[in-house]
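K.L.:
Got a file for you: protein_1.tsv, TSV, C-alpha atoms.
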chain	number	residue	atom	x	y	z
O	207	MET	CA	32.41	0.51	-25.56
O	208	GLU	CA	35.43	1.54	-23.49
O	209	LEU	CA	34.37	3.74	-20.58
O	210	GLU	CA	36.18	7.04	-20.04
O	211	PHE	CA	36.42	8.81	-16.67
O	212	TYR	CA	33.55	11.15	-17.47
O	213	HIS	CA	31.36	8.14	-18.30
O	214	TYR	CA	31.95	6.79	-14.79
O	215	ALA	CA	31.26	10.18	-13.20
O	216	ILE	CA	28.00	10.76	-15.09
O	217	ALA	CA	26.81	7.21	-14.43
O	218	ILE	CA	27.45	7.44	-10.68
O	219	VAL	CA	25.88	10.88	-10.29
O	220	GLY	CA	22.96	9.92	-12.51
O	221	GLY	CA	22.46	6.73	-10.53
O	222	PHE	CA	22.43	8.71	-7.28
O	223	VAL	CA	19.72	11.09	-8.55
O	224	ALA	CA	17.71	8.19	-9.98
O	225	ALA	CA	17.85	6.44	-6.59
O	226	ILE	CA	16.39	9.49	-4.83
O	227	MET	CA	13.50	9.45	-7.29
O	228	ASN	CA	12.99	5.69	-7.01
O	229	THR	CA	13.14	5.67	-3.22
O	230	LEU	CA	10.62	8.49	-2.69
O	231	ALA	CA	8.46	8.20	-5.80
O	232	GLY	CA	9.54	6.36	-8.93
O	233	TYR	CA	10.51	6.86	-12.57
O	234	GLY	CA	14.21	7.11	-11.76
O	235	SER	CA	14.86	4.61	-14.55
O	236	ILE	CA	14.29	7.39	-17.07
O	237	ILE	CA	17.67	8.74	-15.96
O	238	THR	CA	19.59	5.45	-15.92
O	239	LEU	CA	18.07	4.21	-19.19
O	240	THR	CA	18.89	7.52	-20.88
O	241	ILE	CA	22.49	7.31	-19.67
O	242	MET	CA	22.86	3.75	-20.96
O	243	MET	CA	21.19	4.27	-24.34
O	244	ASP	CA	22.14	7.85	-25.26
O	245	LEU	CA	25.53	8.22	-23.56
O	246	LEU	CA	26.91	4.69	-23.47
O	247	GLY	CA	25.23	3.43	-26.64
O	248	LEU	CA	23.54	0.29	-25.29
O	249	PRO	CA	20.65	-1.13	-27.36
O	250	ALA	CA	17.23	-0.67	-25.72
O	251	ASN	CA	16.79	-4.33	-24.73
O	252	MET	CA	20.33	-4.49	-23.29
O	253	ALA	CA	19.76	-1.26	-21.35
O	254	ASN	CA	16.46	-2.66	-20.02
O	255	GLY	CA	18.26	-5.75	-18.71
O	256	THR	CA	21.31	-3.91	-17.37
O	257	ASN	CA	19.05	-1.43	-15.60
O	258	ARG	CA	17.88	-4.23	-13.31
O	259	VAL	CA	21.36	-4.49	-11.76
O	260	ASN	CA	21.37	-0.93	-10.40
O	261	ILE	CA	17.67	-1.21	-9.48
O	262	LEU	CA	18.57	-4.18	-7.29
O	263	ALA	CA	21.35	-2.19	-5.61
O	264	ASN	CA	18.96	0.73	-5.03
O	265	GLY	CA	16.29	-1.58	-3.60
O	266	VAL	CA	18.57	-3.42	-1.20
O	267	ALA	CA	20.21	-0.24	0.12
O	268	GLY	CA	16.92	1.65	0.41
O	269	SER	CA	15.18	-1.26	2.14
O	270	LEU	CA	17.98	-1.42	4.71
O	271	GLY	CA	17.61	2.31	5.35
O	272	TYR	CA	13.86	2.01	5.94
O	273	TYR	CA	14.20	-1.18	8.02
O	274	LYS	CA	16.85	0.40	10.24
O	275	ASN	CA	14.38	3.16	11.14
O	276	GLY	CA	11.33	0.94	11.69
O	277	LYS	CA	9.46	1.93	8.51
O	278	LEU	CA	9.40	-1.52	6.90
O	279	SER	CA	7.05	-4.39	7.80
O	280	ILE	CA	7.28	-7.33	5.40
O	281	GLU	CA	4.81	-9.43	7.40
O	282	GLU	CA	2.14	-6.75	7.07
O	283	GLY	CA	2.41	-6.64	3.29
O	284	LYS	CA	3.23	-10.23	2.40
O	285	GLU	CA	0.06	-10.79	0.31
O	286	ILE	CA	0.85	-7.72	-1.77
O	287	LEU	CA	4.47	-8.83	-2.20
O	288	VAL	CA	3.46	-12.28	-3.45
O	289	THR	CA	0.81	-10.95	-5.86
O	290	VAL	CA	3.05	-8.31	-7.41
O	291	CYS	CA	6.01	-10.68	-7.71
O	292	VAL	CA	3.96	-13.33	-9.54
O	293	GLY	CA	2.81	-10.65	-11.97
O	294	ALA	CA	6.40	-9.44	-12.33
O	295	ILE	CA	7.60	-12.88	-13.41
O	296	VAL	CA	5.02	-12.81	-16.21
O	297	GLY	CA	6.21	-9.34	-17.18
O	298	ILE	CA	9.87	-10.40	-17.17
O	299	MET	CA	9.14	-13.26	-19.56
O	300	LEU	CA	7.38	-10.81	-21.87
O	301	ALA	CA	10.28	-8.37	-21.67
O	302	VAL	CA	12.80	-10.74	-23.23
O	303	ASN	CA	10.51	-11.53	-26.16
O	304	VAL	CA	8.34	-8.46	-26.88
O	305	SER	CA	8.87	-4.79	-27.76
O	306	ASN	CA	8.13	-2.45	-24.87
O	307	GLU	CA	6.54	0.25	-27.07
O	308	GLN	CA	2.97	-0.90	-26.32
O	309	PHE	CA	3.61	-0.77	-22.58
O	310	ARG	CA	5.07	2.73	-22.95
O	311	GLU	CA	1.89	3.79	-24.75
O	312	ILE	CA	-0.23	2.45	-21.89
O	313	PHE	CA	1.88	4.28	-19.32
O	314	LYS	CA	1.51	7.57	-21.22
O	315	TYR	CA	-2.19	7.72	-20.34
O	316	LEU	CA	-1.90	5.96	-17.02
O	317	VAL	CA	0.40	8.67	-15.69
O	318	VAL	CA	-2.31	11.31	-16.28
O	319	VAL	CA	-4.71	9.27	-14.14
O	320	LEU	CA	-1.98	9.03	-11.51
O	321	LEU	CA	-1.48	12.79	-11.42
O	322	ILE	CA	-5.22	13.40	-11.00
O	323	SER	CA	-5.48	10.81	-8.20
O	324	ILE	CA	-2.54	12.35	-6.36
O	325	VAL	CA	-3.71	15.97	-6.58
O	326	VAL	CA	-7.45	15.49	-5.99
O	327	ASN	CA	-7.24	14.09	-2.45
O	328	PRO	CA	-3.90	15.02	-0.85
O	329	LYS	CA	-5.03	14.16	2.71
O	330	LYS	CA	-4.96	10.45	1.92
O	331	TRP	CA	-1.37	10.77	0.75
O	332	ILE	CA	-0.02	12.59	3.80
O	333	ARG	CA	-1.62	10.51	6.57
O	334	GLU	CA	0.84	9.98	9.43
O	335	THR	CA	-0.26	6.47	10.43
O	336	SER	CA	-1.00	3.44	8.25
O	337	GLU	CA	-4.53	2.05	8.30
O	338	VAL	CA	-3.71	-1.08	6.34
O	339	THR	CA	-6.79	-2.79	4.91
O	340	ASP	CA	-6.92	-6.53	4.10
O	341	LEU	CA	-8.31	-6.81	0.57
O	342	PRO	CA	-10.38	-9.74	-0.76
O	343	TRP	CA	-8.22	-12.09	-2.85
O	344	TRP	CA	-9.93	-11.13	-6.12
O	345	LYS	CA	-9.37	-7.41	-5.51
O	346	MET	CA	-5.74	-8.07	-4.55
O	347	ILE	CA	-5.17	-9.88	-7.85
O	348	LEU	CA	-7.12	-7.34	-9.90
O	349	ILE	CA	-5.10	-4.42	-8.53
O	350	TYR	CA	-1.61	-5.72	-7.79
O	351	PHE	CA	-1.06	-8.46	-10.40
O	352	PRO	CA	-1.12	-6.02	-13.38
O	353	ILE	CA	1.25	-3.71	-11.48
O	354	GLY	CA	3.66	-6.63	-11.18
O	355	VAL	CA	3.38	-7.44	-14.88
O	356	TYR	CA	4.19	-3.85	-15.80
O	357	GLY	CA	7.09	-3.68	-13.34
O	358	GLY	CA	8.58	-6.93	-14.58
O	359	PHE	CA	8.23	-5.84	-18.18
O	360	ILE	CA	9.69	-2.35	-18.21
O	361	GLN	CA	10.13	-1.20	-14.56
O	362	MET	CA	10.12	2.52	-15.40
O	363	GLY	CA	7.17	4.15	-13.65
O	364	MET	CA	6.19	1.04	-11.72
O	365	GLY	CA	6.98	2.67	-8.37
O	366	ILE	CA	4.51	5.49	-8.94
O	367	VAL	CA	1.73	3.07	-9.93
O	368	PHE	CA	2.43	0.89	-6.89
O	369	LEU	CA	2.33	3.89	-4.54
O	370	MET	CA	-1.11	4.85	-5.80
O	371	ALA	CA	-2.45	1.37	-5.01
O	372	ALA	CA	-0.67	0.99	-1.66
O	373	VAL	CA	-1.60	4.46	-0.35
O	374	LEU	CA	-5.11	4.91	-1.74
O	375	VAL	CA	-6.37	1.31	-1.69
O	376	SER	CA	-4.37	-0.50	1.01
O	377	LYS	CA	-4.02	2.69	3.10
O	378	TYR	CA	-0.29	2.71	3.85
O	379	THR	CA	1.48	5.95	4.61
O	380	ILE	CA	3.55	7.06	1.65
O	381	ILE	CA	6.83	6.39	3.51
O	382	LYS	CA	5.82	2.83	4.48
O	383	ALA	CA	4.47	2.22	0.98
O	384	ASN	CA	7.85	3.28	-0.41
O	385	ALA	CA	9.59	0.84	1.93
O	386	LEU	CA	7.34	-2.05	0.83
O	387	LYS	CA	7.82	-1.03	-2.80
O	388	LEU	CA	11.59	-1.36	-2.50
O	389	VAL	CA	11.35	-4.85	-0.98
O	390	LEU	CA	9.14	-6.21	-3.73
O	391	ILE	CA	11.40	-4.61	-6.37
O	392	VAL	CA	14.37	-6.39	-4.78
O	393	ILE	CA	12.56	-9.75	-4.94
O	394	TYR	CA	11.42	-9.67	-8.54
O	395	THR	CA	14.51	-7.83	-9.78
O	396	PHE	CA	16.68	-10.61	-8.35
O	397	ILE	CA	14.65	-13.07	-10.43
O	398	SER	CA	14.73	-10.85	-13.52
O	399	ILE	CA	18.53	-10.58	-13.44
O	400	PHE	CA	18.89	-14.34	-13.90
O	401	ILE	CA	16.48	-14.29	-16.86
O	402	PHE	CA	18.04	-11.26	-18.55
O	403	HIS	CA	21.56	-12.65	-17.97
O	404	PHE	CA	20.57	-16.01	-19.45
O	405	ASN	CA	19.38	-14.17	-22.56
O	406	GLY	CA	22.60	-12.14	-22.80
O	407	LEU	CA	20.91	-8.83	-22.03
O	408	ILE	CA	23.07	-7.49	-19.16
O	409	ASP	CA	26.28	-5.47	-19.38
O	410	TRP	CA	27.67	-6.15	-15.91
O	411	LYS	CA	30.39	-3.49	-16.05
O	412	ILE	CA	27.97	-0.67	-16.76
O	413	GLY	CA	25.44	-2.08	-14.29
O	414	ALA	CA	28.07	-2.16	-11.55
O	415	VAL	CA	29.11	1.45	-12.14
O	416	LEU	CA	25.51	2.69	-12.00
O	417	SER	CA	24.96	0.62	-8.86
O	418	ILE	CA	27.51	2.67	-6.93
O	419	GLY	CA	25.33	5.76	-7.25
O	420	THR	CA	21.98	4.00	-6.83
O	421	ALA	CA	23.01	2.12	-3.69
O	422	LEU	CA	24.35	5.27	-2.03
O	423	GLY	CA	21.37	7.38	-3.07
O	424	GLY	CA	18.86	4.72	-2.01
O	425	TYR	CA	20.30	4.24	1.47
O	426	LEU	CA	20.79	7.94	2.26
O	427	THR	CA	17.31	8.87	1.00
O	428	ALA	CA	15.56	6.08	2.92
O	429	ASN	CA	17.53	6.78	6.09
O	430	TYR	CA	16.93	10.53	5.99
O	431	SER	CA	13.25	10.39	5.00
O	432	SER	CA	12.56	7.94	7.84
O	433	LYS	CA	13.73	10.44	10.44
O	434	ILE	CA	12.58	13.90	9.43
O	435	LYS	CA	9.35	15.47	10.67
O	436	ASN	CA	6.52	15.66	8.11
O	437	ALA	CA	8.33	13.14	5.90
O	438	ASN	CA	5.05	11.99	4.34
O	439	LEU	CA	4.23	15.57	3.29
O	440	TYR	CA	7.64	16.09	1.70
O	441	ALA	CA	7.47	12.72	-0.05
O	442	TYR	CA	4.01	13.63	-1.36
O	443	ARG	CA	5.22	16.95	-2.75
O	444	PHE	CA	8.20	15.25	-4.37
O	445	LEU	CA	5.85	12.67	-5.92
O	446	VAL	CA	3.61	15.41	-7.37
O	447	VAL	CA	6.62	17.15	-8.94
O	448	VAL	CA	7.97	13.90	-10.42
O	449	VAL	CA	4.63	12.87	-11.91
O	450	LEU	CA	3.98	16.37	-13.29
O	451	ILE	CA	7.38	16.36	-15.01
O	452	VAL	CA	6.69	12.88	-16.39
O	453	VAL	CA	3.31	14.00	-17.81
O	454	ILE	CA	4.83	17.06	-19.47
O	455	ARG	CA	7.79	15.12	-20.85
O	456	THR	CA	5.64	12.26	-22.10
O	457	PHE	CA	3.23	14.39	-24.10
O	458	LEU	CA	5.84	16.81	-25.42
O	459	ASN	CA	7.67	13.84	-26.94
O	460	THR	CA	4.61	12.45	-28.74
Show me this structure written as structure tokens.

P.N.:
Amino acid sequence: MELEFYHYAIAIVGGFVAAIMNTLAGYGSIITLTIMMDLLGLPANMANGTNRVNILANGVAGSLGYYKNGKLSIEEGKEILVTVCVGAIVGIMLAVNVSNEQFREIFKYLVVVLLISIVVNPKKWIRETSEVTDLPWWKMILIYFPIGVYGGFIQMGMGIVFLMAAVLVSKYTIIKANALKLVLIVIYTFISIFIFHFNGLIDWKIGAVLSIGTALGGYLTANYSSKIKNANLYAYRFLVVVVLIVVIRTFLNT
């Protein structure tokens, strides 16, 4: 469709808000996917592919913001990155061939578990220093590989699931877990774009417009949250609000 001025404005603002959510918590894709499907009229599979373009922009900009302020250590989390990315490649291959309704059904119940895990023990979420634990290889695969598959398949909500594993199991602070999350999303999203493009499932014009907002929102959010006092506490509160809204929205729509 031919984009009007208001389409550009809504896409950029929506992308900016989605980037704030993705950088501090997750589920920002609910905004960008809604814009693409309900406002711009893209089919679901095309919106899923196009969404990866602005996710890449958000990830790159947010990662730079965290790295600039010393909150990102790729070396420390390289095993997690590799495991999730391998799972993501499997998920991407599924995404171009399979309906995502079954994965949405799984997430509906998973998000309730996430909310309980976040609220029950808040002290683990607001720790000020990382106490990163090296996991046995089998536990690494058992926890992080399925997260990668889900992220590669549908992306929406992956950030929240990853944060639960990185903070509660691997013992990152929530800010450093967010930084690592953005890096791994950049890696597997870069791969996914080639696959979705090859299958004709990316609208580059719409993806580019959304990317303006997501890149700006990702960088500003990462840069600001890296500097403020009690950033982990604020990020935790934001995460609780996002997940609570997701739970309510998910079950009201069933």

K.L.:
Quick one: of O:Pro342, O:Gly365, O:Gly357, O:Gly255, who's nearest to Trp410 of chain O, counting only C-alpha atoms?

P.N.:
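Using only C-alpha atoms, Trp410 of chain O sits closest to O:Gly255.
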
K.L.:
Go through O:Leu320, O:Ala383, O:Val223, O:Val338 one by one, measure the shortest atom-to-atom distance of each to Asn264 of chain O using all atoms listed in the file, and give the residue with the smallest value.

P.N.:
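Closest candidate: O:Val223.
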
K.L.:
When distances are computed from all atoms listed in the file, which of O:Thr335, O:Leu230, O:Met243, O:Val453 shows the smallest separation from Tyr315 of chain O?

P.N.:
O:Val453

K.L.:
With all atoms listed in the file as the atoms that count, which of O:Tyr394, O:Val302, O:Gly265, O:Leu248 lies nearest to Thr289 of chain O?

P.N.:
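Closest residue, counting all atoms listed in the file: O:Tyr394.
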
K.L.:
Within 8 Å of Tyr442 of chain O, counting all atoms listed in the file, which residues show up once you throw out same-chain ones fewer than 5 positions away? Write them as a list in words, please.

P.N.:
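Here the answer would be Trp331, Ile332 and Ile380 of chain O.
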
K.L.:
If I put a ball of radius 12 Å at (11.2, 3.0, -1.3) in the file's coordinates, which residues poke into it when counting all atoms listed in the file, written as a PyMOL selection string?

P.N.:
chain O and resi 225-234+261-262+264-273+277-278+364-366+368-369+379-392+423-432+441+445

K.L.:
By how many Å are atom CA of Val446 of chain O and atom CA of Gly413 of chain O apart?

P.N.:
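Computing it gives 28.8 Å between the two atoms.
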
K.L.:
Which residue, O:Ala371, O:Ala253, O:Ala294, O:Ala263, has the smallest gap to Phe222 of chain O when you use all atoms listed in the file?

P.N.:
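Closest to Phe222 of chain O, using all atoms listed in the file: O:Ala263.
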
K.L.:
Point out the residue among O:Lys284, O:Lys345, O:His213, O:His403 with the least atom-to-atom distance to Met252 of chain O, counting all atoms listed in the file.

P.N.:
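Using all atoms listed in the file, the shortest distance to Met252 of chain O belongs to O:His403.
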
K.L.:
Interatomic distance between atom CA of Lys377 of chain O and atom CA of Ile286 of chain O?

P.N.:
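The value is 12.5 Å.
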
K.L.:
Work out how far atom CA of Gly363 of chain O is from atom CA of Tyr440 of chain O, in Å to one decimal.

P.N.:
19.5 Å

K.L.:
Excluding Gly419 of chain O and any residue of its chain fewer than 3 positions from it, enumerate the residues within 7 Å of it, using all atoms listed in the file, and give them as a list in words.

P.N.:
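Close residues of Gly419 of chain O: Ile218, Val219, Gly221, Phe222, Leu416, Leu422 and Gly423 of chain O.
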
K.L.:
With the input short on atoms, add N, CA and C atoms back to segment 217-229 of chain O and write it as a compact mmCIF listing (two decimals), in the frame of the given file.

P.N.:
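Okay, part-v7.txt is ready:
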# COMPACT_ATOMS: atom_id res chain seq x y z
N ALA O 217 27.60 8.38 -14.81
CA ALA O 217 26.81 7.21 -14.43
C ALA O 217 26.58 7.17 -12.92
N ILE O 218 27.59 7.48 -12.14
CA ILE O 218 27.45 7.44 -10.68
C ILE O 218 26.52 8.55 -10.19
N VAL O 219 26.73 9.77 -10.69
CA VAL O 219 25.88 10.88 -10.29
C VAL O 219 24.44 10.65 -10.76
N GLY O 220 24.29 10.21 -11.99
CA GLY O 220 22.96 9.92 -12.51
C GLY O 220 22.26 8.83 -11.73
N GLY O 221 23.02 7.80 -11.34
CA GLY O 221 22.46 6.73 -10.53
C GLY O 221 22.01 7.22 -9.16
N PHE O 222 22.77 8.14 -8.59
CA PHE O 222 22.43 8.71 -7.28
C PHE O 222 21.10 9.47 -7.36
N VAL O 223 20.95 10.32 -8.37
CA VAL O 223 19.72 11.09 -8.55
C VAL O 223 18.54 10.16 -8.83
N ALA O 224 18.77 9.16 -9.66
CA ALA O 224 17.71 8.19 -9.98
C ALA O 224 17.25 7.46 -8.72
N ALA O 225 18.19 7.16 -7.83
CA ALA O 225 17.85 6.44 -6.59
C ALA O 225 16.98 7.30 -5.68
N ILE O 226 17.25 8.59 -5.63
CA ILE O 226 16.39 9.49 -4.83
C ILE O 226 14.96 9.43 -5.36
N MET O 227 14.83 9.51 -6.68
CA MET O 227 13.50 9.45 -7.29
C MET O 227 12.83 8.12 -7.01
N ASN O 228 13.56 7.02 -7.20
CA ASN O 228 12.99 5.69 -7.01
C ASN O 228 12.60 5.42 -5.56
N THR O 229 13.38 5.95 -4.63
CA THR O 229 13.14 5.67 -3.22
C THR O 229 11.94 6.44 -2.68
